[in-house]
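**Student:** File work.cif follows (mmCIF, C-alpha atoms, pLDDT in the B column; chains and numbers go by the auth columns):
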```
data_my_file
loop_
_atom_site.group_PDB
_atom_site.id
_atom_site.type_symbol
_atom_site.label_atom_id
_atom_site.label_comp_id
_atom_site.label_asym_id
_atom_site.label_seq_id
_atom_site.Cartn_x
_atom_site.Cartn_y
_atom_site.Cartn_z
_atom_site.B_iso_or_equiv
_atom_site.auth_seq_id
_atom_site.auth_asym_id
ATOM 1 C CA MET A 1 0.000 0.000 0.000 55.00 542 D
ATOM 2 C CA ALA A 2 1.161 3.406 -0.799 60.00 543 D
ATOM 3 C CA LEU A 3 0.981 6.154 1.796 65.00 544 D
ATOM 4 C CA LEU A 4 -0.843 9.219 0.681 65.00 545 D
ATOM 5 C CA ARG A 5 1.001 12.367 1.478 70.00 546 D
ATOM 6 C CA GLY A 6 -0.682 15.689 1.223 67.00 547 D
ATOM 7 C CA THR A 7 -0.497 19.164 2.556 70.00 548 D
ATOM 8 C CA THR A 8 -2.423 20.132 5.624 72.00 549 D
ATOM 9 C CA GLU A 9 -4.478 23.235 5.229 80.00 550 D
ATOM 10 C CA LEU A 10 -3.863 25.560 8.192 85.00 551 D
ATOM 11 C CA ILE A 11 -6.844 27.878 7.857 87.00 552 D
ATOM 12 C CA PRO A 12 -9.528 25.219 8.599 87.00 553 D
ATOM 13 C CA LEU A 13 -7.402 23.931 11.498 86.00 554 D
ATOM 14 C CA ILE A 14 -7.067 27.421 13.008 90.00 555 D
ATOM 15 C CA THR A 15 -10.784 28.035 12.504 91.00 556 D
ATOM 16 C CA VAL A 16 -11.654 24.860 14.423 91.00 557 D
ATOM 17 C CA VAL A 17 -9.286 25.800 17.262 91.00 558 D
ATOM 18 C CA PHE A 18 -10.827 29.273 17.557 91.00 559 D
ATOM 19 C CA LEU A 19 -14.348 27.854 17.490 91.00 560 D
ATOM 20 C CA LEU A 20 -13.465 25.416 20.285 90.00 561 D
ATOM 21 C CA LEU A 21 -11.909 28.225 22.300 88.00 562 D
ATOM 22 C CA LEU A 22 -15.005 30.383 21.823 87.00 563 D
ATOM 23 C CA PHE A 23 -17.269 27.477 22.767 84.00 564 D
ATOM 24 C CA PHE A 24 -15.423 26.825 26.032 82.00 565 D
ATOM 25 C CA LEU A 25 -15.227 30.513 26.951 79.00 566 D
ATOM 26 C CA LEU A 26 -18.947 31.067 26.424 78.00 567 D
ATOM 27 C CA GLY A 27 -19.895 27.774 28.045 74.00 568 D
ATOM 28 C CA SER A 28 -17.966 28.338 31.266 68.00 569 D
ATOM 29 C CA SER A 29 -19.569 29.973 34.263 59.00 570 D
ATOM 30 C CA PHE A 30 -17.855 32.777 36.090 57.00 571 D
ATOM 31 C CA VAL A 31 -17.827 32.816 39.898 52.00 572 D
ATOM 32 C CA THR A 32 -17.457 36.116 41.794 50.00 573 D
ATOM 33 C CA GLN A 33 -15.867 34.635 44.908 48.00 574 D
ATOM 34 C CA PRO A 34 -14.430 31.179 44.258 52.00 575 D
ATOM 35 C CA GLY A 35 -14.256 28.858 47.229 60.00 576 D
ATOM 36 C CA LEU A 36 -16.010 31.171 49.683 67.00 577 D
ATOM 37 C CA VAL A 37 -19.489 30.064 50.680 72.00 578 D
ATOM 38 C CA VAL A 38 -21.609 32.782 52.225 75.00 579 D
ATOM 39 C CA GLU A 39 -25.172 32.125 53.370 79.00 580 D
ATOM 40 C CA LEU A 40 -26.811 35.309 52.121 79.00 581 D
ATOM 41 C CA PRO A 41 -30.049 36.622 53.614 79.00 582 D
ATOM 42 C CA LYS A 42 -33.108 35.926 51.468 82.00 583 D
ATOM 43 C CA SER A 43 -35.053 38.702 49.760 79.00 584 D
ATOM 44 C CA SER A 44 -37.991 38.752 47.394 79.00 585 D
ATOM 45 C CA LEU A 45 -36.709 41.999 45.835 77.00 586 D
ATOM 46 C CA GLY A 46 -33.325 42.767 44.399 72.00 587 D
ATOM 47 C CA VAL A 47 -31.236 44.478 41.745 71.00 588 D
ATOM 48 C CA ARG A 48 -28.567 43.147 39.427 72.00 589 D
ATOM 49 C CA LEU A 49 -24.980 43.424 40.602 70.00 590 D
ATOM 50 C CA PRO A 50 -23.011 46.031 38.681 70.00 591 D
ATOM 51 C CA SER A 51 -20.033 44.800 36.723 71.00 592 D
ATOM 52 C CA GLY A 52 -16.671 46.061 37.872 71.00 593 D
ATOM 53 C CA GLY A 53 -17.716 46.791 41.446 76.00 594 D
ATOM 54 C CA TRP A 54 -15.727 45.901 44.516 87.00 595 D
ATOM 55 C CA ILE A 55 -16.937 42.848 46.421 88.00 596 D
ATOM 56 C CA ILE A 56 -16.264 42.392 50.127 90.00 597 D
ATOM 57 C CA SER A 57 -17.450 39.173 51.739 90.00 598 D
ATOM 58 C CA VAL A 58 -18.240 38.798 55.429 91.00 599 D
ATOM 59 C CA THR A 59 -18.589 35.257 56.722 89.00 600 D
ATOM 60 C CA LEU A 60 -18.374 33.574 60.102 86.00 601 D
ATOM 61 C CA THR A 61 -15.860 31.088 61.450 83.00 602 D
ATOM 62 C CA PRO A 62 -17.143 27.508 61.756 78.00 603 D
ATOM 63 C CA GLU A 63 -18.799 26.487 65.012 72.00 604 D
ATOM 64 C CA THR A 64 -16.504 24.833 67.537 66.00 605 D
ATOM 65 C CA LYS A 65 -17.324 22.163 70.105 66.00 606 D
ATOM 66 C CA GLY A 66 -15.935 24.325 72.899 63.00 607 D
ATOM 67 C CA GLY A 67 -18.907 26.627 72.608 62.00 608 D
ATOM 68 C CA GLY A 68 -16.849 29.633 71.489 65.00 609 D
ATOM 69 C CA GLY A 69 -18.902 32.051 69.428 75.00 610 D
ATOM 70 C CA ARG A 70 -18.527 32.302 65.689 79.00 611 D
ATOM 71 C CA LYS A 71 -16.315 35.236 64.771 86.00 612 D
ATOM 72 C CA PRO A 72 -16.746 37.315 61.616 88.00 613 D
ATOM 73 C CA LEU A 73 -14.126 37.183 58.860 89.00 614 D
ATOM 74 C CA ILE A 74 -13.814 39.915 56.216 92.00 615 D
ATOM 75 C CA PHE A 75 -12.486 38.935 52.773 91.00 616 D
ATOM 76 C CA TYR A 76 -11.452 40.997 49.782 89.00 617 D
ATOM 77 C CA ASN A 77 -9.712 39.304 46.813 85.00 618 D
ATOM 78 C CA ASP A 78 -9.250 36.093 48.809 82.00 619 D
ATOM 79 C CA GLU A 79 -7.366 37.941 51.572 88.00 620 D
ATOM 80 C CA ILE A 80 -8.556 38.285 55.156 90.00 621 D
ATOM 81 C CA PHE A 81 -8.784 41.833 56.501 92.00 622 D
ATOM 82 C CA ASP A 82 -9.665 43.293 59.868 92.00 623 D
ATOM 83 C CA LEU A 83 -11.907 46.345 60.124 91.00 624 D
ATOM 84 C CA PRO A 84 -9.049 48.919 60.242 92.00 625 D
ATOM 85 C CA GLY A 85 -7.519 47.187 57.207 93.00 626 D
ATOM 86 C CA ILE A 86 -10.782 47.560 55.261 91.00 627 D
ATOM 87 C CA HIS A 87 -10.974 51.247 56.259 91.00 628 D
ATOM 88 C CA LYS A 88 -7.428 51.764 54.967 93.00 629 D
ATOM 89 C CA LEU A 89 -8.083 49.772 51.774 91.00 630 D
ATOM 90 C CA LEU A 90 -11.209 51.763 50.888 90.00 631 D
ATOM 91 C CA GLU A 91 -9.549 55.062 51.803 89.00 632 D
ATOM 92 C CA GLU A 92 -6.582 54.361 49.530 89.00 633 D
ATOM 93 C CA ALA A 93 -8.830 53.125 46.723 85.00 634 D
ATOM 94 C CA GLY A 94 -10.965 56.265 46.903 81.00 635 D
ATOM 95 C CA ARG A 95 -8.098 58.758 46.609 83.00 636 D
ATOM 96 C CA GLY A 96 -8.125 60.571 43.306 80.00 637 D
ATOM 97 C CA ARG A 97 -10.576 58.183 41.659 81.00 638 D
ATOM 98 C CA PRO A 98 -14.233 58.533 40.758 83.00 639 D
ATOM 99 C CA PRO A 99 -16.694 56.909 43.177 82.00 640 D
ATOM 100 C CA GLN A 100 -17.024 53.138 42.880 85.00 641 D
ATOM 101 C CA THR A 101 -19.682 50.620 43.876 88.00 642 D
ATOM 102 C CA LEU A 102 -19.104 48.337 46.848 89.00 643 D
ATOM 103 C CA VAL A 103 -21.063 45.097 47.102 89.00 644 D
ATOM 104 C CA ILE A 104 -21.126 43.512 50.551 90.00 645 D
ATOM 105 C CA ARG A 105 -21.788 39.758 50.507 88.00 646 D
ATOM 106 C CA ALA A 106 -22.500 39.164 54.177 88.00 647 D
ATOM 107 C CA ASP A 107 -23.577 35.992 55.932 88.00 648 D
ATOM 108 C CA LYS A 108 -27.104 36.335 57.263 86.00 649 D
ATOM 109 C CA GLU A 109 -25.785 35.900 60.821 87.00 650 D
ATOM 110 C CA ALA A 110 -22.971 38.465 60.495 88.00 651 D
ATOM 111 C CA PRO A 111 -23.150 41.269 63.071 90.00 652 D
ATOM 112 C CA ALA A 112 -25.060 44.267 61.751 90.00 653 D
ATOM 113 C CA GLY A 113 -22.660 46.655 63.487 92.00 654 D
ATOM 114 C CA LEU A 114 -19.740 45.309 61.438 92.00 655 D
ATOM 115 C CA LEU A 115 -21.682 45.729 58.199 92.00 656 D
ATOM 116 C CA VAL A 116 -22.540 49.318 59.128 93.00 657 D
ATOM 117 C CA GLU A 117 -18.849 50.036 59.818 94.00 658 D
ATOM 118 C CA ILE A 118 -17.887 48.705 56.376 93.00 659 D
ATOM 119 C CA MET A 119 -20.711 50.673 54.763 93.00 660 D
ATOM 120 C CA ASN A 120 -19.643 53.871 56.550 93.00 661 D
ATOM 121 C CA ALA A 121 -16.054 53.433 55.323 91.00 662 D
ATOM 122 C CA ALA A 122 -17.300 53.194 51.728 91.00 663 D
ATOM 123 C CA LEU A 123 -19.847 55.991 52.085 92.00 664 D
ATOM 124 C CA ALA A 124 -17.121 58.277 53.461 90.00 665 D
ATOM 125 C CA GLN A 125 -15.435 57.885 50.059 88.00 666 D
ATOM 126 C CA LYS A 126 -18.756 58.739 48.354 89.00 667 D
ATOM 127 C CA TRP A 127 -19.117 55.180 47.048 90.00 668 D
ATOM 128 C CA SER A 128 -22.415 53.432 46.403 89.00 669 D
ATOM 129 C CA VAL A 129 -23.030 50.461 48.689 90.00 670 D
ATOM 130 C CA LEU A 130 -25.153 47.406 47.913 88.00 671 D
ATOM 131 C CA LEU A 131 -25.936 44.530 50.239 87.00 672 D
ATOM 132 C CA ALA A 132 -26.076 41.240 48.319 84.00 673 D
ATOM 133 C CA THR A 133 -29.087 39.044 48.979 82.00 674 D
ATOM 134 C CA GLN A 134 -30.243 35.681 47.755 82.00 675 D
ATOM 135 C CA PRO A 135 -33.484 35.438 45.788 82.00 676 D
ATOM 136 C CA GLU A 136 -35.973 33.340 47.719 77.00 677 D
ATOM 137 C CA GLY A 137 -35.987 30.557 45.129 68.00 678 D
ATOM 138 C CA GLU A 138 -32.201 29.942 45.012 59.00 679 D
ATOM 139 C CA ARG A 139 -30.119 27.578 47.122 57.00 680 D
ATOM 140 C CA ARG A 140 -27.800 28.814 49.842 49.00 681 D
ATOM 141 C CA GLY A 141 -24.217 29.900 49.285 47.00 682 D
ATOM 142 C CA GLU A 142 -24.402 30.486 45.537 47.00 683 D
ATOM 143 C CA PRO A 143 -23.295 33.932 44.303 46.00 684 D
#
```
Would you mind writing the structure in this file as structure tokens?
**Tutor:**
Amino acid sequence: MALLRGTTELIPLITVVFLLLLFFLLGSSFVTQPGLVVELPKSSLGVRLPSGGWIISVTLTPETKGGGGRKPLIFYNDEIFDLPGIHKLLEEAGRGRPPQTLVIRADKEAPAGLLVEIMNAALAQKWSVLLATQPEGERRGEP
């Protein structure tokens, strides 16, 4: 048997590769906070999250057998911050820039006083503040 040798056309090959790339990009889902599960409070009303806004998540430490209370943890870009650190972060981000939008994804059991402190830090920079909620029909922890 004789082997058939021919030239491989590159344009159809490149077209198929680009189509596959486009398919996988459009078919993938984007997660706002990977790996961080927050049990959001439920609400029957809501607005869409703006694109490009800052997202701060407030969650609680897991329950311990010793009976110690659950402590709040504040996350921004997968880093843990304390309240003074968040104040400093928002203050530096607000210098010389137009006002931004801050979305707070807070656990439904997070202390209200902590949320108000975070909101006040953003409002002092003239930012808009939104509190993320979960539509009543969705499951817990999903962004």
**Student:** Would you mind reading off the distance between atom CA of D:Pro582 and atom CA of D:Lys649, one decimal, in Å?
**Tutor:**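 Computing the Euclidean distance for atom CA of D:Pro582 and atom CA of D:Lys649 yields 4.7 Å.
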**Student:** Measuring between only C-alpha atoms, which one of D:Ile645, D:Ala663, D:Ala651, D:Val599 shows the shortest distance to D:Glu632?
**Tutor:** D:Ala663
**Student:** Would you please work out which residue, of D:Thr642, D:Glu677, D:Val670, D:Asp648, is nearest to D:Phe616 when using all atoms listed in the file?
**Tutor:** D:Asp648
**Student:** If you count all atoms listed in the file, which residues fall within 9 Å of D:Val644, apart from same-chain ones fewer than 4 positions away, as a list in words?
**Tutor:** Leu590, Pro591, Gly594, Trp595, Ile596, Ile597, Ser598, Ser669, Val670, Leu671, Leu672 and Ala673 of chain D
**Student:** Decode the PyMOL selection byres ((chain D and resi 664) around 12) for the given file into explicit residues and return them as a list in words.
**Tutor:**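 In the shown coordinates, the PyMOL selection byres ((chain D and resi 664) around 12) covers His628, Leu631, Glu632, Gly635, Pro640, Gln641, Thr642, Leu643, Val657, Glu658, Ile659, Met660, Asn661, Ala662, Ala663, Ala665, Gln666, Lys667, Trp668, Ser669, Val670 and Leu671 of chain D.
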**Student:** Which residues match the PyMOL selection byres ((chain D and resi 584) around 7) in the file above, as an NGL selection string?
**Tutor:** :D and (582-583 or 585-587 or 674-677)
**Student:** For a test of reading the model, state the distance in Å between atom CA of D:Val579 and atom CA of D:Ala647, rounded to one decimal.
**Tutor:**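 Result for atom CA of D:Val579 versus atom CA of D:Ala647: 6.7 Å, one decimal.
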**Student:** Return the single residue from D:Leu567, D:Leu562, D:Leu624, D:Ile555 that is closest to D:Leu656, with distances computed using all atoms listed in the file.
**Tutor:**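 The closest residue to D:Leu656 is D:Leu624.
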**Student:** So how far away is atom CA of D:Asn618 from atom CA of D:Arg589, in Å?
**Tutor:**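 For atom CA of D:Arg589 relative to atom CA of D:Asn618, the distance reads 20.6 Å.
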**Student:** Tell me, as a PyMOL selection string, which residues lie within 12 Å of D:Gly610, counting all atoms listed in the file; anything in the same chain fewer than 5 positions away does not count.
**Tutor:** chain D and resi 601-605+650-652
**Student:** Just the selected residues (C-alpha atoms), exported as a JSON list (two decimals), in the frame of the given file, please.
**Tutor:**
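The file below, again-v9.json, is the result:
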```
[["chain", "number", "residue", "atom", "x", "y", "z"],
["D", 601, "LEU", "CA", -18.37, 33.57, 60.10],
["D", 602, "THR", "CA", -15.86, 31.09, 61.45],
["D", 603, "PRO", "CA", -17.14, 27.51, 61.76],
["D", 604, "GLU", "CA", -18.80, 26.49, 65.01],
["D", 605, "THR", "CA", -16.50, 24.83, 67.54],
["D", 650, "GLU", "CA", -25.78, 35.90, 60.82],
["D", 651, "ALA", "CA", -22.97, 38.47, 60.50],
["D", 652, "PRO", "CA", -23.15, 41.27, 63.07]]
```
**Student:** I'd like to know which of D:Arg636, D:Ala653, D:Thr600, D:Thr556 is closest to D:Phe622, using all atoms listed in the file.
**Tutor:**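 Closest to D:Phe622, using all atoms listed in the file: D:Thr600.
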**Student:** Can you put N, CA and C atoms back into stretch 597-622 of chain D and show it as a PDB file, in the coordinates of the input?
**Tutor:**
```pdb
ATOM      1  N   ILE D 597     -16.809  42.775  48.826  1.00 90.00           N
ATOM      2  CA  ILE D 597     -16.264  42.392  50.127  1.00 90.00           C
ATOM      3  C   ILE D 597     -17.209  41.354  50.703  1.00 90.00           C
ATOM      4  N   SER D 598     -16.648  40.244  51.158  1.00 90.00           N
ATOM      5  CA  SER D 598     -17.450  39.173  51.739  1.00 90.00           C
ATOM      6  C   SER D 598     -17.222  39.122  53.240  1.00 90.00           C
ATOM      7  N   VAL D 599     -18.312  38.945  53.973  1.00 91.00           N
ATOM      8  CA  VAL D 599     -18.240  38.798  55.429  1.00 91.00           C
ATOM      9  C   VAL D 599     -18.879  37.458  55.766  1.00 91.00           C
ATOM     10  N   THR D 600     -18.091  36.567  56.341  1.00 89.00           N
ATOM     11  CA  THR D 600     -18.589  35.257  56.722  1.00 89.00           C
ATOM     12  C   THR D 600     -18.214  35.008  58.176  1.00 89.00           C
ATOM     13  N   LEU D 601     -18.652  33.904  58.707  1.00 86.00           N
ATOM     14  CA  LEU D 601     -18.374  33.574  60.102  1.00 86.00           C
ATOM     15  C   LEU D 601     -17.501  32.337  60.181  1.00 86.00           C
ATOM     16  N   THR D 602     -16.679  32.273  61.231  1.00 83.00           N
ATOM     17  CA  THR D 602     -15.860  31.088  61.450  1.00 83.00           C
ATOM     18  C   THR D 602     -16.772  29.903  61.738  1.00 83.00           C
ATOM     19  N   PRO D 603     -16.315  28.688  61.453  1.00 78.00           N
ATOM     20  CA  PRO D 603     -17.143  27.508  61.756  1.00 78.00           C
ATOM     21  C   PRO D 603     -17.386  27.378  63.262  1.00 78.00           C
ATOM     22  N   GLU D 604     -18.487  26.719  63.600  1.00 72.00           N
ATOM     23  CA  GLU D 604     -18.799  26.487  65.012  1.00 72.00           C
ATOM     24  C   GLU D 604     -17.795  25.505  65.595  1.00 72.00           C
ATOM     25  N   THR D 605     -17.432  25.732  66.852  1.00 66.00           N
ATOM     26  CA  THR D 605     -16.504  24.833  67.537  1.00 66.00           C
ATOM     27  C   THR D 605     -17.237  24.100  68.649  1.00 66.00           C
ATOM     28  N   LYS D 606     -16.693  22.948  69.049  1.00 66.00           N
ATOM     29  CA  LYS D 606     -17.324  22.163  70.105  1.00 66.00           C
ATOM     30  C   LYS D 606     -17.180  22.821  71.468  1.00 66.00           C
ATOM     31  N   GLY D 607     -16.173  23.677  71.619  1.00 63.00           N
ATOM     32  CA  GLY D 607     -15.935  24.325  72.899  1.00 63.00           C
ATOM     33  C   GLY D 607     -16.971  25.374  73.240  1.00 63.00           C
ATOM     34  N   GLY D 608     -17.853  25.659  72.346  1.00 62.00           N
ATOM     35  CA  GLY D 608     -18.907  26.627  72.608  1.00 62.00           C
ATOM     36  C   GLY D 608     -18.492  28.064  72.352  1.00 62.00           C
ATOM     37  N   GLY D 609     -17.270  28.275  71.823  1.00 65.00           N
ATOM     38  CA  GLY D 609     -16.849  29.633  71.489  1.00 65.00           C
ATOM     39  C   GLY D 609     -17.706  30.176  70.367  1.00 65.00           C
ATOM     40  N   GLY D 610     -18.043  31.444  70.443  1.00 75.00           N
ATOM     41  CA  GLY D 610     -18.902  32.051  69.428  1.00 75.00           C
ATOM     42  C   GLY D 610     -18.234  32.101  68.070  1.00 75.00           C
ATOM     43  N   ARG D 611     -19.039  32.169  67.051  1.00 79.00           N
ATOM     44  CA  ARG D 611     -18.527  32.302  65.689  1.00 79.00           C
ATOM     45  C   ARG D 611     -18.074  33.736  65.481  1.00 79.00           C
ATOM     46  N   LYS D 612     -16.882  33.904  64.967  1.00 86.00           N
ATOM     47  CA  LYS D 612     -16.315  35.236  64.771  1.00 86.00           C
ATOM     48  C   LYS D 612     -16.401  35.615  63.294  1.00 86.00           C
ATOM     49  N   PRO D 613     -16.664  36.893  63.014  1.00 88.00           N
ATOM     50  CA  PRO D 613     -16.746  37.315  61.616  1.00 88.00           C
ATOM     51  C   PRO D 613     -15.373  37.409  60.957  1.00 88.00           C
ATOM     52  N   LEU D 614     -15.329  37.059  59.685  1.00 89.00           N
ATOM     53  CA  LEU D 614     -14.126  37.183  58.860  1.00 89.00           C
ATOM     54  C   LEU D 614     -14.469  38.060  57.663  1.00 89.00           C
ATOM     55  N   ILE D 615     -13.590  38.996  57.334  1.00 92.00           N
ATOM     56  CA  ILE D 615     -13.814  39.915  56.216  1.00 92.00           C
ATOM     57  C   ILE D 615     -12.817  39.557  55.115  1.00 92.00           C
ATOM     58  N   PHE D 616     -13.327  39.314  53.907  1.00 91.00           N
ATOM     59  CA  PHE D 616     -12.486  38.935  52.773  1.00 91.00           C
ATOM     60  C   PHE D 616     -12.614  39.964  51.651  1.00 91.00           C
ATOM     61  N   TYR D 617     -11.472  40.254  51.035  1.00 89.00           N
ATOM     62  CA  TYR D 617     -11.452  40.997  49.782  1.00 89.00           C
ATOM     63  C   TYR D 617     -10.350  40.373  48.935  1.00 89.00           C
ATOM     64  N   ASN D 618     -10.671  39.966  47.724  1.00 85.00           N
ATOM     65  CA  ASN D 618      -9.712  39.304  46.813  1.00 85.00           C
ATOM     66  C   ASN D 618      -9.005  38.135  47.486  1.00 85.00           C
ATOM     67  N   ASP D 619      -9.758  37.292  48.150  1.00 82.00           N
ATOM     68  CA  ASP D 619      -9.250  36.093  48.809  1.00 82.00           C
ATOM     69  C   ASP D 619      -8.242  36.375  49.917  1.00 82.00           C
ATOM     70  N   GLU D 620      -8.215  37.591  50.438  1.00 88.00           N
ATOM     71  CA  GLU D 620      -7.366  37.941  51.572  1.00 88.00           C
ATOM     72  C   GLU D 620      -8.243  38.317  52.746  1.00 88.00           C
ATOM     73  N   ILE D 621      -7.809  37.940  53.946  1.00 90.00           N
ATOM     74  CA  ILE D 621      -8.556  38.285  55.156  1.00 90.00           C
ATOM     75  C   ILE D 621      -8.093  39.652  55.643  1.00 90.00           C
ATOM     76  N   PHE D 622      -9.057  40.505  55.977  1.00 92.00           N
ATOM     77  CA  PHE D 622      -8.784  41.833  56.501  1.00 92.00           C
ATOM     78  C   PHE D 622      -9.484  41.993  57.840  1.00 92.00           C
TER      79      PHE D 622
END
```
